[in-house]
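*Asks:* This is run39.csv (CSV, C-alpha atoms).
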chain,number,residue,atom,x,y,z
T,1,MET,CA,1.2,-0.5,22.2
T,2,GLU,CA,2.3,3.1,21.7
T,3,TYR,CA,2.7,2.7,17.9
T,4,LYS,CA,-0.9,1.5,17.4
T,5,SER,CA,-2.2,4.3,19.7
T,6,THR,CA,-0.4,6.8,17.5
T,7,ILE,CA,-2.0,5.3,14.4
T,8,ARG,CA,-5.4,5.4,16.0
T,9,LYS,CA,-5.0,9.1,16.8
T,10,LEU,CA,-3.8,9.8,13.2
T,11,ARG,CA,-6.7,7.9,11.7
T,12,ALA,CA,-9.1,9.8,13.9
T,13,ILE,CA,-8.0,12.9,12.1
T,14,ARG,CA,-7.3,11.4,8.7
T,15,PRO,CA,-9.3,8.1,8.2
T,16,ASP,CA,-8.1,7.5,4.7
T,17,MET,CA,-4.5,7.8,5.5
T,18,SER,CA,-2.2,5.4,3.7
T,19,LEU,CA,0.4,3.5,5.7
T,20,SER,CA,3.5,1.7,4.4
T,21,SER,CA,6.3,-0.1,6.2
T,22,ASP,CA,9.2,-2.5,5.5
T,23,PHE,CA,9.0,-6.0,6.9
T,24,ILE,CA,11.7,-8.7,7.2
T,25,VAL,CA,10.6,-12.3,7.7
T,26,GLY,CA,13.0,-15.0,8.8
T,27,PHE,CA,15.3,-12.9,10.9
T,28,PRO,CA,17.5,-15.4,12.9
T,29,GLY,CA,15.6,-16.5,16.0
T,30,GLU,CA,12.2,-15.5,14.6
T,31,THR,CA,9.6,-17.8,16.0
T,32,GLU,CA,6.2,-18.7,14.6
T,33,ASP,CA,4.8,-16.6,17.6
T,34,ASP,CA,6.9,-13.6,16.5
T,35,PHE,CA,5.7,-13.9,13.0
T,36,ASN,CA,2.0,-14.2,14.1
T,37,LYS,CA,2.4,-11.1,16.3
T,38,MET,CA,3.8,-9.2,13.2
T,39,MET,CA,0.8,-10.4,11.2
T,40,LYS,CA,-1.6,-9.2,13.9
T,41,LEU,CA,0.1,-5.8,13.7
T,42,ILE,CA,-0.2,-5.7,9.9
T,43,THR,CA,-3.9,-6.6,10.2
T,44,ASP,CA,-4.7,-4.3,13.0
T,45,VAL,CA,-3.0,-1.3,11.4
T,46,GLY,CA,-4.2,-2.0,7.9
T,47,PHE,CA,-1.0,-1.3,6.0
T,48,ASP,CA,-1.7,-0.9,2.3
T,49,THR,CA,1.8,-0.9,0.9
T,50,SER,CA,5.0,-2.6,2.0
T,51,PHE,CA,8.4,-3.6,1.1
T,52,SER,CA,8.8,-7.1,2.4
T,53,PHE,CA,11.6,-9.6,2.0
T,54,ILE,CA,13.3,-12.6,3.5
T,55,PHE,CA,16.2,-11.8,5.8
T,56,SER,CA,19.6,-12.2,4.2
T,57,PRO,CA,22.8,-11.8,6.1
T,58,ARG,CA,25.1,-8.9,5.1
T,59,PRO,CA,28.8,-9.4,5.7
T,60,GLY,CA,30.2,-7.2,8.4
T,61,THR,CA,26.9,-6.8,10.3
T,62,PRO,CA,26.2,-8.2,13.7
T,63,ALA,CA,23.3,-10.3,12.3
T,64,ALA,CA,25.5,-11.9,9.7
T,65,ASN,CA,26.9,-14.3,12.3
T,66,LEU,CA,23.6,-15.2,14.0
T,67,HIS,CA,22.6,-18.8,14.0
T,68,ASP,CA,19.6,-19.3,11.7
T,69,GLU,CA,17.5,-22.5,12.2
T,70,THR,CA,14.4,-21.5,10.1
T,71,PRO,CA,14.3,-23.4,6.8
T,72,HIS,CA,14.1,-21.3,3.7
T,73,ALA,CA,10.8,-22.9,2.7
T,74,GLU,CA,9.3,-21.7,6.0
T,75,LYS,CA,10.6,-18.2,5.4
T,76,LEU,CA,9.1,-18.2,1.9
T,77,ARG,CA,5.7,-19.4,3.3
T,78,ARG,CA,5.8,-16.5,5.8
T,79,LEU,CA,6.7,-14.0,3.1
T,80,HIS,CA,3.9,-15.1,0.8
T,81,HIS,CA,1.4,-15.0,3.7
T,82,LEU,CA,2.5,-11.5,4.6
T,83,GLN,CA,2.3,-10.2,1.0
T,84,ALA,CA,-1.1,-11.8,0.5
T,85,THR,CA,-2.4,-10.1,3.6
T,86,ILE,CA,-1.1,-6.7,2.3
T,87,GLU,CA,-2.7,-7.4,-1.1
T,88,GLU,CA,-6.0,-8.1,0.7
T,89,ASN,CA,-5.7,-4.7,2.4
T,90,VAL,CA,-4.9,-3.0,-0.9
T,91,GLN,CA,-8.0,-4.4,-2.5
T,92,ARG,CA,-10.2,-3.6,0.5
T,93,ILE,CA,-9.0,-0.1,0.7
T,94,GLY,CA,-9.3,0.5,-3.0
T,95,GLU,CA,-12.9,-0.8,-3.0
T,96,SER,CA,-13.7,1.5,-0.1
T,97,ARG,CA,-12.8,4.5,-2.2
T,98,VAL,CA,-15.5,3.7,-4.9
T,99,GLY,CA,-18.1,6.4,-5.0
T,100,THR,CA,-15.9,9.0,-3.3
T,101,VAL,CA,-14.5,12.1,-5.0
T,102,GLN,CA,-10.7,12.3,-4.6
T,103,ARG,CA,-8.5,15.3,-5.3
T,104,ILE,CA,-6.0,14.1,-7.8
T,105,LEU,CA,-2.7,15.6,-8.9
T,106,VAL,CA,-2.8,14.8,-12.7
T,107,GLU,CA,0.7,13.6,-13.6
T,108,ARG,CA,0.6,12.3,-17.2
T,109,PRO,CA,-1.2,10.4,-19.9
T,110,SER,CA,-2.2,6.9,-18.8
T,111,ARG,CA,0.3,4.2,-19.7
T,112,LYS,CA,-2.4,1.9,-21.1
T,113,ASP,CA,-4.7,4.3,-22.9
T,114,ALA,CA,-3.6,7.5,-24.6
T,115,ASN,CA,-7.1,8.9,-24.2
T,116,GLU,CA,-6.9,8.7,-20.4
T,117,LEU,CA,-4.9,10.6,-17.8
T,118,ALA,CA,-3.2,9.2,-14.7
T,119,GLY,CA,-2.7,11.0,-11.4
T,120,ARG,CA,-2.4,10.3,-7.7
T,121,THR,CA,-4.7,10.8,-4.7
T,122,GLU,CA,-3.5,12.5,-1.5
T,123,CYS,CA,-2.9,8.9,-0.3
T,124,ASN,CA,-0.6,8.2,-3.3
T,125,ARG,CA,-3.0,5.8,-5.1
T,126,VAL,CA,-2.8,5.9,-8.9
T,127,VAL,CA,-6.1,6.9,-10.6
T,128,ASN,CA,-6.7,6.5,-14.3
T,129,PHE,CA,-9.6,8.4,-15.9
T,130,PRO,CA,-10.8,9.7,-19.3
T,131,GLY,CA,-9.3,13.1,-19.9
T,132,GLY,CA,-11.8,14.4,-22.2
T,133,PRO,CA,-11.2,17.2,-24.7
T,134,ASN,CA,-8.1,19.4,-24.0
T,135,MET,CA,-6.8,16.8,-21.6
T,136,ASP,CA,-3.3,18.1,-21.9
T,137,ARG,CA,-4.2,21.2,-19.9
T,138,LEU,CA,-5.0,19.1,-16.9
T,139,ILE,CA,-1.5,17.7,-16.6
T,140,GLY,CA,0.2,19.2,-13.6
T,141,GLN,CA,-3.1,20.4,-12.2
T,142,MET,CA,-5.3,19.3,-9.4
T,143,ALA,CA,-8.6,17.7,-10.4
T,144,ASN,CA,-11.6,16.2,-8.7
T,145,VAL,CA,-12.2,12.6,-9.8
T,146,ARG,CA,-15.1,10.4,-8.7
T,147,ILE,CA,-13.8,6.8,-8.1
T,148,THR,CA,-15.7,4.2,-10.1
T,149,GLN,CA,-13.6,1.1,-9.6
T,150,GLY,CA,-11.0,-0.2,-7.1
T,151,LEU,CA,-8.4,-2.4,-8.8
T,152,SER,CA,-5.5,-4.2,-7.1
T,153,HIS,CA,-3.0,-1.4,-7.6
T,154,SER,CA,-4.9,1.5,-9.0
T,155,LEU,CA,-8.3,3.1,-9.1
T,156,ARG,CA,-10.5,4.1,-12.1
T,157,GLY,CA,-12.5,7.2,-12.1
T,158,GLU,CA,-14.3,10.0,-13.9
T,159,LEU,CA,-13.5,13.7,-14.0
T,160,VAL,CA,-15.9,15.8,-11.9
T,161,ILE,CA,-16.7,18.9,-13.9
T,162,LYS,CA,-17.9,21.9,-11.9
T,163,ASP,CA,-20.8,23.8,-13.2
Show me the file's structure as C-alpha coordinates.

*Replies:*
Amino acid sequence: MEYKSTIRKLRAIRPDMSLSSDFIVGFPGETEDDFNKMMKLITDVGFDTSFSFIFSPRPGTPAANLHDETPHAEKLRRLHHLQATIEENVQRIGESRVGTVQRILVERPSRKDANELAGRTECNRVVNFPGGPNMDRLIGQMANVRITQGLSHSLRGELVIKD
(Lines of atoms letter the chains of each structure in order from A and count residues from 1; the text may use other names and numbers.)
(Lines give C-alpha, C1' and ligand atoms only; values in the text may rest on other atoms or scores of the structure.)
Protein backbone atom coordinates (compact mmCIF):
# COMPACT_ATOMS: atom_id res chain seq x y z
CA MET A 1 0.00 0.00 0.00
CA GLU A 2 1.52 3.31 -1.11
CA TYR A 3 0.11 5.26 1.87
CA LYS A 4 1.72 2.95 4.43
CA SER A 5 4.99 2.99 2.48
CA THR A 6 5.02 6.80 2.66
CA ILE A 7 4.34 6.68 6.42
CA ARG A 8 7.20 4.20 6.92
CA LYS A 9 9.57 6.53 5.04
CA LEU A 10 8.46 9.53 7.08
CA ARG A 11 8.80 7.61 10.35
CA ALA A 12 12.31 6.53 9.36
CA ILE A 13 13.20 10.23 9.34
CA ARG A 14 10.95 11.34 12.18
CA PRO A 15 10.02 8.37 14.46
CA ASP A 16 8.01 10.49 16.91
CA MET A 17 5.83 12.02 14.18
CA SER A 18 2.18 12.48 15.15
CA LEU A 19 -0.48 11.32 12.70
CA SER A 20 -4.14 12.27 12.60
CA SER A 21 -6.95 11.44 10.22
CA ASP A 22 -10.70 11.62 9.84
CA PHE A 23 -12.67 8.36 9.86
CA ILE A 24 -16.28 7.72 8.90
CA VAL A 25 -17.90 4.47 10.00
CA GLY A 26 -21.13 3.09 8.61
CA PHE A 27 -20.90 4.53 5.10
CA PRO A 28 -23.64 2.85 3.04
CA GLY A 29 -22.35 -0.49 1.83
CA GLU A 30 -19.56 -0.73 4.43
CA THR A 31 -19.06 -4.37 5.32
CA GLU A 32 -17.51 -5.86 8.44
CA ASP A 33 -14.51 -6.74 6.26
CA ASP A 34 -14.22 -3.09 5.14
CA PHE A 35 -14.33 -1.98 8.76
CA ASN A 36 -11.72 -4.55 9.79
CA LYS A 37 -9.39 -3.36 7.01
CA MET A 38 -9.75 0.21 8.24
CA MET A 39 -8.99 -0.93 11.79
CA LYS A 40 -5.87 -2.74 10.56
CA LEU A 41 -4.73 0.47 8.88
CA ILE A 42 -5.32 2.42 12.11
CA THR A 43 -3.31 -0.14 14.07
CA ASP A 44 -0.52 -0.43 11.50
CA VAL A 45 -0.07 3.32 11.11
CA GLY A 46 -0.53 4.16 14.79
CA PHE A 47 -2.72 7.25 14.48
CA ASP A 48 -2.72 9.16 17.72
CA THR A 49 -5.53 11.58 17.03
CA SER A 50 -8.61 11.40 14.89
CA PHE A 51 -11.93 12.92 14.12
CA SER A 52 -14.27 9.98 13.83
CA PHE A 53 -17.99 9.83 13.39
CA ILE A 54 -20.89 7.82 12.02
CA PHE A 55 -21.88 8.53 8.43
CA SER A 56 -24.90 10.79 8.12
CA PRO A 57 -26.44 11.60 4.75
CA ARG A 58 -26.25 15.20 3.60
CA PRO A 59 -29.07 16.37 1.33
CA GLY A 60 -27.95 17.05 -2.21
CA THR A 61 -24.92 14.74 -2.07
CA PRO A 62 -24.65 11.52 -4.08
CA ALA A 63 -24.35 9.49 -0.86
CA ALA A 64 -27.64 10.86 0.49
CA ASN A 65 -29.59 8.48 -1.73
CA LEU A 66 -27.52 5.35 -1.15
CA HIS A 67 -29.28 2.39 0.43
CA ASP A 68 -28.02 1.80 3.96
CA GLU A 69 -28.58 -1.62 5.54
CA THR A 70 -26.25 -1.35 8.53
CA PRO A 71 -28.18 -0.91 11.80
CA HIS A 72 -27.34 2.16 13.85
CA ALA A 73 -26.33 -0.02 16.82
CA GLU A 74 -23.68 -1.71 14.63
CA LYS A 75 -22.39 1.64 13.43
CA LEU A 76 -22.15 2.80 17.03
CA ARG A 77 -20.27 -0.38 18.02
CA ARG A 78 -17.79 0.22 15.19
CA LEU A 79 -17.31 3.86 16.17
CA HIS A 80 -16.66 2.96 19.82
CA HIS A 81 -14.16 0.27 18.79
CA LEU A 82 -12.33 2.71 16.50
CA GLN A 83 -12.20 5.42 19.16
CA ALA A 84 -11.01 2.96 21.84
CA THR A 85 -8.20 1.86 19.52
CA ILE A 86 -7.12 5.46 18.95
CA GLU A 87 -7.23 6.06 22.72
CA GLU A 88 -4.96 3.04 23.25
CA ASN A 89 -2.54 4.55 20.72
CA VAL A 90 -2.67 7.92 22.50
CA GLN A 91 -1.84 6.29 25.85
CA ARG A 92 0.95 4.11 24.42
CA ILE A 93 2.54 7.01 22.57
CA GLY A 94 2.28 9.30 25.60
CA GLU A 95 3.94 6.68 27.82
CA SER A 96 6.72 6.24 25.25
CA ARG A 97 7.68 9.90 25.74
CA VAL A 98 8.37 9.46 29.49
CA GLY A 99 12.04 10.13 30.19
CA THR A 100 12.61 12.05 26.96
CA VAL A 101 13.39 15.74 26.76
CA GLN A 102 10.95 17.53 24.49
CA ARG A 103 11.32 21.02 23.04
CA ILE A 104 8.14 22.83 24.09
CA LEU A 105 6.56 26.03 22.87
CA VAL A 106 5.31 27.48 26.15
CA GLU A 107 1.85 28.88 25.47
CA ARG A 108 0.15 29.88 28.70
CA PRO A 109 -0.43 29.16 32.37
CA SER A 110 -1.87 25.69 32.95
CA ARG A 111 -5.66 25.55 33.13
CA LYS A 112 -5.62 23.37 36.25
CA ASP A 113 -2.81 24.93 38.25
CA ALA A 114 -1.79 28.61 38.16
CA ASN A 115 1.72 27.63 39.33
CA GLU A 116 2.27 25.57 36.20
CA LEU A 117 2.73 26.32 32.54
CA ALA A 118 1.35 24.56 29.48
CA GLY A 119 2.92 24.21 26.10
CA ARG A 120 3.06 21.90 23.11
CA THR A 121 5.66 19.53 21.80
CA GLU A 122 6.71 19.49 18.16
CA CYS A 123 4.11 16.70 17.80
CA ASN A 124 1.38 18.96 19.21
CA ARG A 125 1.04 17.16 22.55
CA VAL A 126 0.12 19.35 25.50
CA VAL A 127 2.68 19.33 28.32
CA ASN A 128 2.01 20.77 31.77
CA PHE A 129 4.98 21.53 34.03
CA PRO A 130 5.91 23.66 37.06
CA GLY A 131 7.00 27.06 35.83
CA GLY A 132 9.20 28.04 38.72
CA PRO A 133 10.07 31.62 39.61
CA ASN A 134 9.60 34.18 36.85
CA MET A 135 7.48 31.74 34.91
CA ASP A 136 5.77 34.53 32.98
CA ARG A 137 8.99 35.13 31.05
CA LEU A 138 8.75 31.62 29.56
CA ILE A 139 5.40 32.21 27.85
CA GLY A 140 5.97 32.48 24.11
CA GLN A 141 9.42 30.93 24.41
CA MET A 142 10.83 27.51 23.58
CA ALA A 143 11.86 25.42 26.60
CA ASN A 144 13.28 21.96 27.14
CA VAL A 145 11.03 19.82 29.33
CA ARG A 146 11.76 16.29 30.58
CA ILE A 147 8.59 14.22 30.36
CA THR A 148 7.75 12.55 33.68
CA GLN A 149 4.28 11.15 33.01
CA GLY A 150 2.14 10.22 30.03
CA LEU A 151 -1.55 10.88 30.58
CA SER A 152 -4.43 10.15 28.23
CA HIS A 153 -4.45 13.54 26.50
CA SER A 154 -1.47 15.38 27.89
CA LEU A 155 1.99 14.92 29.30
CA ARG A 156 3.52 16.07 32.57
CA GLY A 157 7.08 17.24 32.79
CA GLU A 158 9.75 19.28 34.50
CA LEU A 159 11.70 22.19 33.12
CA VAL A 160 15.28 21.33 32.17
CA ILE A 161 17.51 24.13 33.36
CA LYS A 162 20.79 24.54 31.47
CA ASP A 163 23.87 25.11 33.61

*Asks:* Taking all atoms listed in the file into account, name the residue in T:Ile147, T:Leu117, T:Ile86, T:Leu79 that is nearest to Asn134 in chain T.

*Replies:* T:Leu117

*Asks:* Which residue is closest to Asn65 in chain T? Choose from T:Gly140, T:Pro28, T:Pro133, T:Pro109 and count all atoms listed in the file.

*Replies:*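 Between T:Gly140, T:Pro28, T:Pro133, T:Pro109, the residue approaching Asn65 in chain T most closely is T:Pro28.
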
*Asks:* Just to confirm, what's the straight-line distance from CA of Gly46 in chain T to CA of Glu87 in chain T in Å (one decimal)?

*Replies:*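 We find that CA of Gly46 in chain T and CA of Glu87 in chain T lie 10.6 Å from each other.
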
*Asks:* Measure the distance from CA of Asn128 in chain T to CA of Gln91 in chain T in Å and round it to one decimal.

*Replies:* 16.1 Å

*Asks:* So what do you get for CA of Ala63 in chain T versus CA of Gly29 in chain T, distance-wise?

*Replies:*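 Spanning CA of Ala63 in chain T to CA of Gly29 in chain T is a straight-line distance of 10.6 Å.
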
*Asks:* If we count only C-alpha atoms, what is near Phe23 in chain T at a cut-off of 9 Å, once residues fewer than 4 positions away on the same chain are taken out, given as JSON, numbers by chain?

*Replies:* {"T": [38, 50, 51, 52, 53, 54, 82]}

*Asks:* Check the smallest atom-to-atom distance from each of T:Arg8, T:His81, T:Arg14, T:Lys37 to Cys123 in chain T using all atoms listed in the file, then report the winner.

*Replies:* T:Arg14

*Asks:* T:Lys9, T:His153, T:Arg120, T:Arg58: which is nearest Arg103 in chain T, counting all atoms listed in the file?

*Replies:*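 Of T:Lys9, T:His153, T:Arg120, T:Arg58, the one nearest Arg103 in chain T, counting all atoms listed in the file, is T:Arg120.
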
*Asks:* Which of these residues is nearest to Gln83 in chain T, using all atoms listed in the file: T:Thr70, T:Thr49, T:Thr61, T:Ser110?

*Replies:*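 Closest residue, counting all atoms listed in the file: T:Thr49.
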
*Asks:* Output as a tab-separated table one row per residue of range 45-135 of chain T within 9 Å of range 148-151 of chain T: the closest atom pair and its distance in Å to one decimal place, counting only C-alpha atoms, sorted by chain and residue number ascending.

*Replies:*
residue	atom	partner	partner_atom	distance
T:Val90	CA	T:Leu151	CA	8.7
T:Gln91	CA	T:Leu151	CA	6.6
T:Arg92	CA	T:Gly150	CA	8.4
T:Ile93	CA	T:Gly150	CA	8.1
T:Gly94	CA	T:Gly150	CA	4.5
T:Glu95	CA	T:Gly150	CA	4.6
T:Ser96	CA	T:Gly150	CA	7.7
T:Arg97	CA	T:Gly150	CA	7.0
T:Val98	CA	T:Thr148	CA	5.2
T:Gly99	CA	T:Thr148	CA	6.1
T:Thr100	CA	T:Thr148	CA	8.3

*Asks:* Taking into account only C-alpha atoms, which residue in the set T:Leu159, T:Ser154, T:Gln102, T:Gly26 is nearest to Phe129 in chain T?

*Replies:*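 Smallest distance to Phe129 in chain T is found for T:Leu159.
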
*Asks:* Take the point (-5.4, 17.8, -8.1) as written in the file and pick out every residue within 6 Å of it, counting all atoms listed in the file; give the list as an NGL selection string.

*Replies:* :T and (103-105 or 141-143)

*Asks:* Which residues come within 12 Å of Lys40 in chain T, counting only C-alpha atoms, excluding same-chain residues fewer than 5 positions away, as a list in words?

*Replies:*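 Counting only the stated atoms, we get Lys4, Asp33, Asp34, Phe35, Val45, Gly46, Phe47, Leu82, Thr85 and Ile86 of chain T.
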
*Asks:* Go ahead and write the selection's residues with C-alpha atoms as a PDB file, in the frame of the given file.

*Replies:*
ATOM      1  CA  LYS T   4      -0.900   1.500  17.400  1.00  0.00           C
ATOM      2  CA  ASP T  33       4.800 -16.600  17.600  1.00  0.00           C
ATOM      3  CA  ASP T  34       6.900 -13.600  16.500  1.00  0.00           C
ATOM      4  CA  PHE T  35       5.700 -13.900  13.000  1.00  0.00           C
ATOM      5  CA  VAL T  45      -3.000  -1.300  11.400  1.00  0.00           C
ATOM      6  CA  GLY T  46      -4.200  -2.000   7.900  1.00  0.00           C
ATOM      7  CA  PHE T  47      -1.000  -1.300   6.000  1.00  0.00           C
ATOM      8  CA  LEU T  82       2.500 -11.500   4.600  1.00  0.00           C
ATOM      9  CA  THR T  85      -2.400 -10.100   3.600  1.00  0.00           C
ATOM     10  CA  ILE T  86      -1.100  -6.700   2.300  1.00  0.00           C
TER      11      ILE T  86
END
